[in-house]
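Novice: Input: one structure, supplied below.
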Amino acid sequence: MVLKIFFPQCCNAADSGLLIGRWLPGHNSAVVLAVIHFPFIPGQVKQYLNQLQSLTQVDLTVLGSWCKPSEDQERVQSFLKDLSTIFPHERWLQLSSEKGKKRFSCLVNSRGSKVFESGDKEDKGDQVICIHYDQCKVMLSQLHPAQGGILNPQTELSELRLVFQTVSQSQALFYIDKYDEGPFKLTHWQSEGREGSILVELSKQASVPVCLVLAWLLSIWYWVCKSRILNLWPMRFVSSKLSSCIQLSHRAEHLQTISVPRKAEDHTEFMRKANIFVSFLVDVALGLLLVSWLYRENRIGQLAETLVPVADHIAEELQELLKWLMGAPAGLKMNRALDQVLGRFFLYHIHLWISYIHLLSPFIGMILWYVGLSACLGLTFALSVLSDIVALLTFHIYCFYVYGARLYCLKIYGLSSLWRLFRGKKWNVLRQRVDSCSYDLDQLFIGTLLFTILLFLLPTTALYYLVFTLLRLLVVLFQGLLHLCVDFINSFPLFAMGLRICRSYRLAAGVKFRVLEQESERPLHLLMEINPLTYSAVLQWYRTLTYSCYPKDSWGALCKKLFIGELIYPWKHKNIKTD
Amino acid sequence: MTEEEFSDINGNTISLDCQSHSEFCKEFTVSVPKLSLRKVMNYTCAVWLTAYAVFFATDNTNVLSAAIIVTLVGMMLHLHFVKIDHESMLIIGSLGIQISASYASGRESTSFIEMSKVKDIVINEAIYMQRVIYYLCILLKEPSDPGGVGAVVPLFQVKRSKHFAHNNRNVVIVMQYKTLYTLFSHGFTGMLTVLYLCLFQSSKPRLNCLEEVYKSCQDILGQS
C-alpha cells in the first residue's frame with residue numbers, strides 16, 4: 001500500500017518538533033495539521049491534544065517528528081527517535097529536511113520496530129507520497145459534490161473530502177500564534193498572527209441589531225398585509241395579477257430569510273443569505289440611481305407629457321388598422337356585413353378608450369411622479385411597475401384580443417361539433433369519446449346549413465383574431481422581457497460570483513495535483529491545488545429560488561392554444577417554483 | 001521520459017509523451033500539432049472576401065469593420081474554447097487519476113477522479129460517423145452499488161460531442177478479451193445505460209497509441 005502524507009506548505013520552514021495531525025480512518029493516509037516546537041513537556045502536549053479533541057471532535061494525535069536542517073542534526077534526530085516511545089502510536093513518521101535539498105525525506109516506523117526508508121527498493125509494500133497543500137485555502141474552501149448530486153451524509157466520505165473536513169474542523173488548533181504566551185509554540189498557517197478583516201468583524205457585530213430592526217419592520221408590513229380591507233376579494237384578485245405586488249411579496253419573503261438573527265447553520269444557508277442580501281443591496285442601489293436620473297431636469301414631467309400623445313397615437317393607428325380591416329384587407333374578400341359589425345364594435349371601443357385617456361391626462365404627471373418614487377425599493381420593483389403600466393395602457397388591445405379569441409373559439413367549437421354531425425357522429429360526454437349516432441333528416445339539414453354558414457364566416461373572424469393576437473403577442477413579449485430582467489436580478493447569485501472571481505478557492509469543485517520536481521532518494525512530492533467551480537456550476541448551485549416567470553407551456557402547446565383560440569397570459573404562476 | 005510519434009484517426013501526427021515520476025505515478029501527454037498558418041489564412045481570406053463581395057454589392061463600410069471584428073473575436077474564441085494544445089492524464093497509484101486539457105490560449109480544464117471511484121480503465125470501440133474508432137475510458141463505480149459499473153468515463157475526450165457520446169452509449173463493443181471479461185465480471189448485462197468520460201477525445205489517437213497508455217495504466221492499477 002502507498003502511504004499518503006498530506007503536509008501543509010507553511011510547515012516546510014518550521015523548526016524541529018512534533019507533527020500533530022490525524023490518521024484518516026479507512027484510508028492509508030495521514031493529515032499533518034501543525035508542528036509543535038521544542039521545548040515542550042510531553043504530558044502537556046497530551047493534555048492539550050485531549051482538550052482539542054473534545055472541542056473539535058477530530059481525533060488528533062501525534063503523528064511523528066519533524067526535523068529541520070541544523071548543525072547538530074544527528075543528535076536531534078536520535079532524540080526525536082526516542083520521543084516515539086513516549087507517545088502511543090501505530091506508525092511513527094520521521095520527516096527530515098536536509099541542507100541543499102529542496103524536499104524532505106520520510107521514514108516510517110511501524111510498531112513492530114521495522115524501519116524502512118521511502119526510497120527503499122526492497123520493501124515495495126510501503127511507499128510514501130507527500131502531498132503539499134495550502135492550509136489556509138483548504139480550510140476555507142467548500143468542496144462541492146460532483147455533477148450536481150447532493151452529498152449524502154450517510155455514505156462513506158471519500159479521502160479528499162475527509163482531508164478537507166479534518167482541516168476545516170480543527171480550526172481551534174490554528175488560534176494559537178507565536179505571540180501567545182502558551183506552554184508551547186506551534187507552526188501552522190496562522191502562526192505569524194491571526195488573520196482577520198476589520199470589516200468582517202464590524203459587520204458581524206452590526207448584523208444582529210440590523211436583523212432585529214428588519215424583523216420589526218417586516219412584522220409591521222405583515223400586520224398591514226393581514227388587515228381586512230386588503231383581503232377583500234377584489235383587492236386580492238387585483239394584487240395577484242399585478243406584477244409589482246408579486247415582486248413586493250417576493251422581496252418581503254427574501255428579507256424575512258435574511259432577518260433571522262441566528263447564525264447560518266451550514267454553507268448553503270449562509271450562501272443563500274449572502275446572495276439575497278447582496279442582490280437586494282445592488283437592486284436598491286440601481287433603483288436609487290434610476291430615481292436620481294429620473295428626477296433630475298424634470299425628466300419625469302417630460303415622460304408624462306409624451307405618454308398621453310403616445311397613447312393617442314396608438315389609438316389612432318388602431319383606428320386606421322380597423323378601417324383597413326373593414327375594407328378589403330390584402331385583397332381578401334370578407335363577409336361584408338359581419339366585417340362591418342365587428343369593425344364598428346371595435347371602433348366604438350377605441351372611442352371609449354380615447355375619452356378615458358383624455359379624462360385621465362391631467363393626473364398622469366402626478367401619478368407618475370409618485371409612482372416613480374417607488375423605484376427606491378429597487379430596480380426590480382420599478383421594472384415591475386413599468387410592466388404594470390404597460391399592461392394598463394394596452395388594456396384595449398387586451399380587450400380586443402379577448403373578444404376576437406372568444407368569437408374565434410366559439411366558431412371553432414361549433415365547427416368541430418357540426419363536422420361530427422356532418423359525418424353522422426357525436427361526442428359522448430359520459431364515455432368521453434366519439435360515438436356514431438343516427439340523426440333525423442331535419443337535424444342533418446339544419447346542421448349542415450349551420451356548418452356551411454359558420455365555415456364561410458370563419459375567415460372574417462379568423463382575420464380579426466389573427467391581427468389582434470399579433471398585437472397582443474407584441475405586448476406579451478415586451479412584458480415577458482421585463483419579467484425576465486426582474487427574474488434575472490432576483491435570482492442571480494452575485495455574492496457567489498464575486499467569491500468565485502476574487503477568492504476562487506472558496507468554492508471548490510475538486511482538486512488538481514502537480515508533480516513537484518523529483519530528487520533522488522526522496523519520496524514523490526505532489527502539490528495539491530484547488531480546482532475552482534466553473535461559472536456555470538456556480539450559477540447552478542447558488543441560483544436563488546424564484547417564482548418562474550417563464551411561460552408554463554412549451555412552444556407547441558402555445559401554438560395549439562393560439563390555434564384553438566384559448567387565452568394566453570403573461571402572468572406569473574405563483575405556486576410553481578423552479579429550482 | 002519518452003516521446004513518440006503517433007497519428008490520430010484523421011492521419012495527422014500527434015506525439016505521446018510518457019513521463020514516469022515514480023513507479024506508481026505516470027503522466028501521459030498527447031500533443032496536437034499547433035494551429036497551422038495556412039488554415040488561419042484560409043479562413044480569414046474566406047471571411048474577408050465574402051465581406052468585400054457584400055461591400056461591393058451594398059456599398060456599406062460597416063460590413064468591412066464587422067468582418068474584421070468577426071475574424072478577431074472568432075479567432076480568440078477558437079483559441080480559448082476549441083483549439084486544444086495538449087491533453088494529459090496523470091495517474092497516481094492509490095490516489096487517483098487526473099485528466100487535464102490545456103487550450104491554445106493557456107486555459108486549462110482539469111478534473112480529478114479519486115481511485116476509490118475508479119473501477120478500471122478499458123479501451124472501447126465505437127462507431128463514429130461512418131468509422132469505427134477506439135478510445136480509452138475509465139469505468140466508474142456506482143456509489144450505491146459497489147459491485148456494478150456506474151459509469152464509463154471516456155478518457156482524452158474533453159470535447160464532448162453529442163453524436164459521439166450517443167453512439168458510445170448504444171454501440172460499445174469491448175475490444176480486448178481482458179476488458180470484455182472485466183466488464184462482464186463487473187456485472188454488465190444487456191444494454192449499456194452508462195455515462196462516459198473520454199480520454200484524448202479531441203486528439204483522438206489511434207489504437208497503437210492507446211494500447212501503450214493502457215498497458216502502463218494497468219501496471220499501476222494492478223499494483224495498488
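By order in the C-alpha cells, chains are A, B, ...; within a chain, residues start at 1; ligands start at 1, following the order shown.
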Residues of chain A within 8 Å of chain B, using only C-alpha atoms, as a list in words?

Specialist: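 The contacting residues on chain A are Met1, Val2, Ser158, Gly510, Val511, Lys512, Phe513, Val515, Gln518, Leu524 and Asn531 of chain A.
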
Novice: Residues near B:Trp48, anyone? I mean within 10 Å using only C-alpha atoms, not counting same-chain ones fewer than 6 positions away, as a PyMOL selection string.

Specialist: chain B and resi 42+54+63-68+70-71

Novice: Limited to all heavy atoms, could you put the picked residues into a file as a short mmCIF file (atom, residue, chain, number, x, y, z; two decimals), in the first residue's frame?

Specialist:
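The resulting file, part.cif, is shown below:
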```
data_model
loop_
_atom_site.label_atom_id
_atom_site.label_comp_id
_atom_site.auth_asym_id
_atom_site.auth_seq_id
_atom_site.Cartn_x
_atom_site.Cartn_y
_atom_site.Cartn_z
N ASN B 42 -6.61 30.73 -44.67
CA ASN B 42 -7.76 30.34 -45.48
C ASN B 42 -9.05 30.90 -44.93
O ASN B 42 -9.85 31.49 -45.65
CB ASN B 42 -7.86 28.82 -45.56
CG ASN B 42 -6.85 28.24 -46.51
OD1 ASN B 42 -6.24 28.99 -47.29
ND2 ASN B 42 -6.63 26.95 -46.43
N VAL B 54 -19.89 41.50 -50.29
CA VAL B 54 -21.10 42.14 -49.77
C VAL B 54 -20.94 43.66 -49.84
O VAL B 54 -21.85 44.38 -50.23
CB VAL B 54 -21.37 41.67 -48.32
CG1 VAL B 54 -22.53 42.46 -47.72
CG2 VAL B 54 -21.68 40.20 -48.30
N VAL B 63 -19.87 46.71 -43.13
CA VAL B 63 -19.65 45.28 -43.39
C VAL B 63 -18.19 44.93 -43.20
O VAL B 63 -17.85 43.91 -42.58
CB VAL B 63 -20.09 44.94 -44.83
CG1 VAL B 63 -19.80 43.50 -45.15
CG2 VAL B 63 -21.55 45.25 -45.02
N LEU B 64 -17.31 45.80 -43.69
CA LEU B 64 -15.87 45.51 -43.59
C LEU B 64 -15.40 45.49 -42.15
O LEU B 64 -14.70 44.57 -41.72
CB LEU B 64 -15.08 46.54 -44.38
CG LEU B 64 -15.28 46.47 -45.89
CD1 LEU B 64 -14.43 47.52 -46.57
CD2 LEU B 64 -14.93 45.09 -46.40
N SER B 65 -15.84 46.50 -41.36
CA SER B 65 -15.40 46.51 -39.96
C SER B 65 -16.00 45.33 -39.21
O SER B 65 -15.34 44.74 -38.35
CB SER B 65 -15.77 47.83 -39.30
OG SER B 65 -17.04 48.24 -39.69
N ALA B 66 -17.24 44.97 -39.56
CA ALA B 66 -17.85 43.81 -38.92
C ALA B 66 -17.04 42.56 -39.22
O ALA B 66 -16.83 41.72 -38.34
CB ALA B 66 -19.28 43.65 -39.39
N ALA B 67 -16.55 42.45 -40.46
CA ALA B 67 -15.76 41.27 -40.84
C ALA B 67 -14.49 41.19 -40.01
O ALA B 67 -14.10 40.11 -39.54
CB ALA B 67 -15.42 41.33 -42.32
N ILE B 68 -13.85 42.35 -39.81
CA ILE B 68 -12.61 42.35 -39.01
C ILE B 68 -12.91 41.90 -37.59
O ILE B 68 -12.21 41.04 -37.03
CB ILE B 68 -11.99 43.77 -39.01
CG1 ILE B 68 -11.51 44.10 -40.42
CG2 ILE B 68 -10.83 43.84 -38.04
CD1 ILE B 68 -11.01 45.50 -40.58
N VAL B 70 -15.44 40.13 -36.52
CA VAL B 70 -15.82 38.71 -36.51
C VAL B 70 -14.59 37.83 -36.56
O VAL B 70 -14.45 36.86 -35.82
CB VAL B 70 -16.77 38.41 -37.69
CG1 VAL B 70 -16.82 36.91 -37.97
CG2 VAL B 70 -18.14 38.93 -37.40
N THR B 71 -13.64 38.19 -37.43
CA THR B 71 -12.42 37.37 -37.53
C THR B 71 -11.67 37.35 -36.21
O THR B 71 -11.26 36.29 -35.73
CB THR B 71 -11.48 37.94 -38.62
OG1 THR B 71 -12.26 38.54 -39.62
CG2 THR B 71 -10.59 36.88 -39.17
#
```

Novice: Kindly give the distance, in Å, that separates atom CA of A:Ser387 and atom CA of A:Ala215, rounded to a single decimal.

Specialist: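 We find that atom CA of A:Ser387 and atom CA of A:Ala215 lie 29.6 Å from each other.
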
Novice: I'd like the contact shell of A:Leu217 - 12 Å cut-off, only C-alpha atoms, skipping same-chain residues fewer than 6 positions apart - returned as a PDB file with C-alpha atoms, in the first residue's frame.

Specialist:
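selection_34.pdb written:
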```
ATOM      1  CA  VAL A 210     -29.827  45.270  11.863  1.00  0.00           C
ATOM      2  CA  CYS A 211     -31.577  41.899  11.744  1.00  0.00           C
ATOM      3  CA  TRP A 223     -49.600  43.240  10.013  1.00  0.00           C
ATOM      4  CA  VAL A 224     -50.614  45.733   7.320  1.00  0.00           C
ATOM      5  CA  ALA A 252     -40.608  40.607   1.733  1.00  0.00           C
ATOM      6  CA  LEU A 255     -35.975  39.951   3.700  1.00  0.00           C
ATOM      7  CA  GLN A 256     -37.563  37.536   6.103  1.00  0.00           C
ATOM      8  CA  SER A 259     -33.662  38.881   9.088  1.00  0.00           C
TER       9      SER A 259
END
```

Novice: Hey, what's within 6 Å of B:Leu16 if we count only C-alpha atoms and toss same-chain stuff fewer than 5 positions away? As a ChimeraX atom specification, please?

Specialist: /B:3-4,29-30

Novice: I'd like the contact shell of B:Ser7 - 7 Å cut-off, only C-alpha atoms, skipping same-chain residues fewer than 6 positions apart - returned as a list in words.

Specialist: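 The residues that qualify are Thr13, Ile14, Pro205 and Arg206 of chain B.
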
Novice: Could you write out that same residue set with all heavy atoms as a compact mmCIF listing (two decimals), in the first residue's frame?

Specialist:
```txt
# COMPACT_ATOMS: atom_id res chain seq x y z
N THR B 13 -0.25 13.92 -37.43
CA THR B 13 0.76 13.45 -36.49
C THR B 13 0.48 14.04 -35.11
O THR B 13 0.24 15.24 -34.97
CB THR B 13 2.16 13.92 -36.92
OG1 THR B 13 2.17 14.03 -38.33
CG2 THR B 13 3.22 12.98 -36.44
N ILE B 14 0.53 13.16 -34.11
CA ILE B 14 0.45 13.66 -32.74
C ILE B 14 1.59 13.01 -31.98
O ILE B 14 2.12 11.98 -32.41
CB ILE B 14 -0.89 13.31 -32.07
CG1 ILE B 14 -1.17 11.82 -32.21
CG2 ILE B 14 -2.02 14.12 -32.63
CD1 ILE B 14 -2.39 11.38 -31.47
N PRO B 205 -6.34 9.71 -30.62
CA PRO B 205 -5.21 8.92 -31.15
C PRO B 205 -5.65 7.56 -31.64
O PRO B 205 -6.75 7.11 -31.34
CB PRO B 205 -4.31 8.77 -29.92
CG PRO B 205 -5.02 9.36 -28.78
CD PRO B 205 -6.37 9.76 -29.18
N ARG B 206 -4.77 6.92 -32.40
CA ARG B 206 -5.10 5.59 -32.93
C ARG B 206 -4.84 4.52 -31.89
O ARG B 206 -4.28 4.78 -30.84
CB ARG B 206 -4.27 5.33 -34.18
CG ARG B 206 -4.89 6.00 -35.36
CD ARG B 206 -4.33 5.50 -36.64
NE ARG B 206 -4.95 6.24 -37.73
CZ ARG B 206 -4.51 6.25 -38.96
NH1 ARG B 206 -3.42 5.57 -39.27
NH2 ARG B 206 -5.12 6.93 -39.88
```

Novice: Return the single residue from B:Ile9, B:Leu199, B:Ile127, B:Cys45 that is closest to B:Ser88, with distances computed using only C-alpha atoms.

Specialist: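 Once distances to B:Ser88 are computed over only C-alpha atoms, the minimum belongs to B:Leu199.
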
Novice: Using backbone DSSP assignments, extract all strand (DSSP E) residues from stretch 370-543 of chain A; output them as a ChimeraX atom specification.

Specialist: /A:425-428,433-436,507-515,524-532

Novice: Suppose we keep N, CA and C atoms; can you now write the selection as a PDB file, in the first residue's frame?

Specialist:
```pdb
ATOM      1  N   LYS A 425     -71.787  11.493 -36.513  1.00  0.00           N
ATOM      2  CA  LYS A 425     -71.212  11.088 -35.226  1.00  0.00           C
ATOM      3  C   LYS A 425     -71.531  12.134 -34.182  1.00  0.00           C
ATOM      4  N   LYS A 426     -71.288  11.799 -32.912  1.00  0.00           N
ATOM      5  CA  LYS A 426     -71.476  12.803 -31.865  1.00  0.00           C
ATOM      6  C   LYS A 426     -70.510  12.521 -30.710  1.00  0.00           C
ATOM      7  N   TRP A 427     -70.319  13.515 -29.899  1.00  0.00           N
ATOM      8  CA  TRP A 427     -69.401  13.387 -28.761  1.00  0.00           C
ATOM      9  C   TRP A 427     -70.182  12.870 -27.578  1.00  0.00           C
ATOM     10  N   ASN A 428     -69.771  11.732 -27.047  1.00  0.00           N
ATOM     11  CA  ASN A 428     -70.425  11.157 -25.889  1.00  0.00           C
ATOM     12  C   ASN A 428     -69.729  11.683 -24.631  1.00  0.00           C
ATOM     13  N   ARG A 433     -65.861  10.030 -25.484  1.00  0.00           N
ATOM     14  CA  ARG A 433     -65.384   9.546 -26.783  1.00  0.00           C
ATOM     15  C   ARG A 433     -66.389   9.900 -27.864  1.00  0.00           C
ATOM     16  N   VAL A 434     -66.027   9.665 -29.092  1.00  0.00           N
ATOM     17  CA  VAL A 434     -66.921   9.966 -30.205  1.00  0.00           C
ATOM     18  C   VAL A 434     -67.699   8.707 -30.568  1.00  0.00           C
ATOM     19  N   ASP A 435     -69.015   8.808 -30.506  1.00  0.00           N
ATOM     20  CA  ASP A 435     -69.861   7.668 -30.878  1.00  0.00           C
ATOM     21  C   ASP A 435     -70.568   7.980 -32.185  1.00  0.00           C
ATOM     22  N   SER A 436     -71.006   6.926 -32.841  1.00  0.00           N
ATOM     23  CA  SER A 436     -71.814   7.181 -34.042  1.00  0.00           C
ATOM     24  C   SER A 436     -73.275   7.350 -33.604  1.00  0.00           C
ATOM     25  N   LEU A 507     -14.818  28.234  -3.380  1.00  0.00           N
ATOM     26  CA  LEU A 507     -15.803  27.315  -3.938  1.00  0.00           C
ATOM     27  C   LEU A 507     -15.055  26.298  -4.790  1.00  0.00           C
ATOM     28  N   ALA A 508     -14.844  25.120  -4.235  1.00  0.00           N
ATOM     29  CA  ALA A 508     -14.010  24.143  -4.926  1.00  0.00           C
ATOM     30  C   ALA A 508     -14.871  23.081  -5.576  1.00  0.00           C
ATOM     31  N   ALA A 509     -14.516  22.753  -6.814  1.00  0.00           N
ATOM     32  CA  ALA A 509     -15.188  21.631  -7.475  1.00  0.00           C
ATOM     33  C   ALA A 509     -14.418  20.349  -7.199  1.00  0.00           C
ATOM     34  N   GLY A 510     -13.147  20.508  -6.908  1.00  0.00           N
ATOM     35  CA  GLY A 510     -12.313  19.346  -6.658  1.00  0.00           C
ATOM     36  C   GLY A 510     -10.899  19.816  -6.445  1.00  0.00           C
ATOM     37  N   VAL A 511      -9.957  18.940  -6.679  1.00  0.00           N
ATOM     38  CA  VAL A 511      -8.559  19.343  -6.522  1.00  0.00           C
ATOM     39  C   VAL A 511      -7.819  18.992  -7.793  1.00  0.00           C
ATOM     40  N   LYS A 512      -6.629  19.576  -7.939  1.00  0.00           N
ATOM     41  CA  LYS A 512      -5.753  19.127  -9.008  1.00  0.00           C
ATOM     42  C   LYS A 512      -4.350  18.966  -8.433  1.00  0.00           C
ATOM     43  N   PHE A 513      -3.622  18.053  -8.998  1.00  0.00           N
ATOM     44  CA  PHE A 513      -2.295  17.765  -8.477  1.00  0.00           C
ATOM     45  C   PHE A 513      -1.236  18.167  -9.483  1.00  0.00           C
ATOM     46  N   ARG A 514      -0.098  18.586  -8.938  1.00  0.00           N
ATOM     47  CA  ARG A 514       1.025  18.897  -9.793  1.00  0.00           C
ATOM     48  C   ARG A 514       2.228  18.171  -9.206  1.00  0.00           C
ATOM     49  N   VAL A 515       3.003  17.540 -10.040  1.00  0.00           N
ATOM     50  CA  VAL A 515       4.178  16.819  -9.553  1.00  0.00           C
ATOM     51  C   VAL A 515       5.308  17.822  -9.359  1.00  0.00           C
ATOM     52  N   LEU A 524       7.872  10.691  -3.559  1.00  0.00           N
ATOM     53  CA  LEU A 524       7.191  11.521  -4.552  1.00  0.00           C
ATOM     54  C   LEU A 524       6.506  12.695  -3.859  1.00  0.00           C
ATOM     55  N   HIS A 525       6.792  13.900  -4.354  1.00  0.00           N
ATOM     56  CA  HIS A 525       6.150  15.084  -3.773  1.00  0.00           C
ATOM     57  C   HIS A 525       5.152  15.651  -4.755  1.00  0.00           C
ATOM     58  N   LEU A 526       3.926  15.837  -4.283  1.00  0.00           N
ATOM     59  CA  LEU A 526       2.886  16.403  -5.132  1.00  0.00           C
ATOM     60  C   LEU A 526       2.390  17.692  -4.496  1.00  0.00           C
ATOM     61  N   LEU A 527       1.919  18.583  -5.334  1.00  0.00           N
ATOM     62  CA  LEU A 527       1.310  19.810  -4.824  1.00  0.00           C
ATOM     63  C   LEU A 527      -0.183  19.730  -5.106  1.00  0.00           C
ATOM     64  N   MET A 528      -0.966  19.887  -4.044  1.00  0.00           N
ATOM     65  CA  MET A 528      -2.415  19.825  -4.229  1.00  0.00           C
ATOM     66  C   MET A 528      -2.961  21.245  -4.342  1.00  0.00           C
ATOM     67  N   GLU A 529      -3.594  21.532  -5.456  1.00  0.00           N
ATOM     68  CA  GLU A 529      -4.211  22.844  -5.628  1.00  0.00           C
ATOM     69  C   GLU A 529      -5.715  22.673  -5.714  1.00  0.00           C
ATOM     70  N   ILE A 530      -6.391  23.768  -5.498  1.00  0.00           N
ATOM     71  CA  ILE A 530      -7.848  23.692  -5.502  1.00  0.00           C
ATOM     72  C   ILE A 530      -8.383  24.047  -6.878  1.00  0.00           C
ATOM     73  N   ASN A 531      -9.245  23.197  -7.361  1.00  0.00           N
ATOM     74  CA  ASN A 531      -9.848  23.390  -8.671  1.00  0.00           C
ATOM     75  C   ASN A 531     -11.157  24.131  -8.475  1.00  0.00           C
ATOM     76  N   PRO A 532     -11.225  25.407  -8.865  1.00  0.00           N
ATOM     77  CA  PRO A 532     -12.450  26.152  -8.568  1.00  0.00           C
ATOM     78  C   PRO A 532     -13.623  25.707  -9.427  1.00  0.00           C
TER      79      PRO A 532
END
```

Novice: For B:Tyr43, work out the shell of residues within 12 Å, counting only C-alpha atoms and skipping chain neighbours fewer than 4 positions away, then give it as a PDB file with N, CA, C and O atoms, in the first residue's frame.

Specialist:
```
ATOM      1  N   SER B  36      -2.225  25.597 -37.788  1.00  0.00           N
ATOM      2  CA  SER B  36      -1.387  25.875 -38.953  1.00  0.00           C
ATOM      3  C   SER B  36      -1.733  27.233 -39.551  1.00  0.00           C
ATOM      4  O   SER B  36      -2.895  27.649 -39.565  1.00  0.00           O
ATOM      5  N   LEU B  37      -0.696  27.881 -40.050  1.00  0.00           N
ATOM      6  CA  LEU B  37      -0.858  29.244 -40.575  1.00  0.00           C
ATOM      7  C   LEU B  37      -1.768  29.245 -41.805  1.00  0.00           C
ATOM      8  O   LEU B  37      -2.580  30.136 -41.998  1.00  0.00           O
ATOM      9  N   ARG B  38      -1.654  28.152 -42.564  1.00  0.00           N
ATOM     10  CA  ARG B  38      -2.403  28.084 -43.811  1.00  0.00           C
ATOM     11  C   ARG B  38      -3.913  28.086 -43.531  1.00  0.00           C
ATOM     12  O   ARG B  38      -4.690  28.765 -44.181  1.00  0.00           O
ATOM     13  N   LYS B  39      -4.280  27.308 -42.488  1.00  0.00           N
ATOM     14  CA  LYS B  39      -5.691  27.194 -42.139  1.00  0.00           C
ATOM     15  C   LYS B  39      -6.238  28.564 -41.715  1.00  0.00           C
ATOM     16  O   LYS B  39      -7.321  28.988 -42.153  1.00  0.00           O
ATOM     17  N   VAL B  47     -13.520  34.800 -45.022  1.00  0.00           N
ATOM     18  CA  VAL B  47     -14.414  35.776 -44.387  1.00  0.00           C
ATOM     19  C   VAL B  47     -14.260  37.130 -45.053  1.00  0.00           C
ATOM     20  O   VAL B  47     -15.252  37.807 -45.383  1.00  0.00           O
ATOM     21  N   TRP B  48     -13.026  37.541 -45.303  1.00  0.00           N
ATOM     22  CA  TRP B  48     -12.799  38.887 -45.831  1.00  0.00           C
ATOM     23  C   TRP B  48     -13.278  39.027 -47.280  1.00  0.00           C
ATOM     24  O   TRP B  48     -13.796  40.069 -47.654  1.00  0.00           O
ATOM     25  N   LEU B  49     -13.089  37.964 -48.056  1.00  0.00           N
ATOM     26  CA  LEU B  49     -13.561  38.043 -49.442  1.00  0.00           C
ATOM     27  C   LEU B  49     -15.077  38.139 -49.502  1.00  0.00           C
ATOM     28  O   LEU B  49     -15.638  38.936 -50.264  1.00  0.00           O
ATOM     29  N   THR B  50     -15.741  37.346 -48.634  1.00  0.00           N
ATOM     30  CA  THR B  50     -17.211  37.438 -48.597  1.00  0.00           C
ATOM     31  C   THR B  50     -17.613  38.846 -48.193  1.00  0.00           C
ATOM     32  O   THR B  50     -18.537  39.433 -48.795  1.00  0.00           O
ATOM     33  N   ALA B  67     -16.552  42.454 -40.460  1.00  0.00           N
ATOM     34  CA  ALA B  67     -15.760  41.272 -40.845  1.00  0.00           C
ATOM     35  C   ALA B  67     -14.492  41.187 -40.013  1.00  0.00           C
ATOM     36  O   ALA B  67     -14.105  40.111 -39.542  1.00  0.00           O
ATOM     37  N   VAL B  70     -15.438  40.134 -36.518  1.00  0.00           N
ATOM     38  CA  VAL B  70     -15.818  38.714 -36.509  1.00  0.00           C
ATOM     39  C   VAL B  70     -14.586  37.830 -36.562  1.00  0.00           C
ATOM     40  O   VAL B  70     -14.453  36.856 -35.822  1.00  0.00           O
ATOM     41  N   THR B  71     -13.637  38.190 -37.427  1.00  0.00           N
ATOM     42  CA  THR B  71     -12.422  37.375 -37.533  1.00  0.00           C
ATOM     43  C   THR B  71     -11.666  37.351 -36.210  1.00  0.00           C
ATOM     44  O   THR B  71     -11.258  36.288 -35.735  1.00  0.00           O
ATOM     45  N   LEU B  72     -11.479  38.552 -35.623  1.00  0.00           N
ATOM     46  CA  LEU B  72     -10.691  38.625 -34.387  1.00  0.00           C
ATOM     47  C   LEU B  72     -11.379  37.872 -33.257  1.00  0.00           C
ATOM     48  O   LEU B  72     -10.755  37.045 -32.581  1.00  0.00           O
ATOM     49  N   GLY B  74     -13.708  35.618 -33.439  1.00  0.00           N
ATOM     50  CA  GLY B  74     -13.770  34.203 -33.754  1.00  0.00           C
ATOM     51  C   GLY B  74     -12.471  33.494 -33.456  1.00  0.00           C
ATOM     52  O   GLY B  74     -12.453  32.414 -32.880  1.00  0.00           O
ATOM     53  N   MET B  75     -11.372  34.145 -33.804  1.00  0.00           N
ATOM     54  CA  MET B  75     -10.058  33.549 -33.543  1.00  0.00           C
ATOM     55  C   MET B  75      -9.828  33.407 -32.046  1.00  0.00           C
ATOM     56  O   MET B  75      -9.367  32.360 -31.573  1.00  0.00           O
TER      57      MET B  75
END
```

Novice: I'd like the contact shell of B:Gln218 - 10 Å cut-off, only C-alpha atoms, skipping same-chain residues fewer than 5 positions apart - returned as a PyMOL selection string.

Specialist: chain B and resi 120-122+213+223

Novice: Check the smallest atom-to-atom distance from each of A:Ala172, A:Trp555, A:Leu383, A:Ile357 to A:Cys245 using only C-alpha atoms, then report the winner.

Specialist: A:Leu383

Novice: Ranking A:Val385, A:Leu3, A:Ile86, A:Ala30 by minimum distance to A:Ser243 and counting only C-alpha atoms, which one comes first?

Specialist: A:Val385

Novice: Would you work out the distance separating atom CA of A:Leu19 from atom CA of A:Ile36, expressed in Å to one decimal?

Specialist: 6.6 Å

Novice: To one decimal place, how far is atom CA of A:Leu455 from atom CA of A:Leu318 in Å?

Specialist: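 According to the coordinates, atom CA of A:Leu455 and atom CA of A:Leu318 are separated by 27.3 Å.
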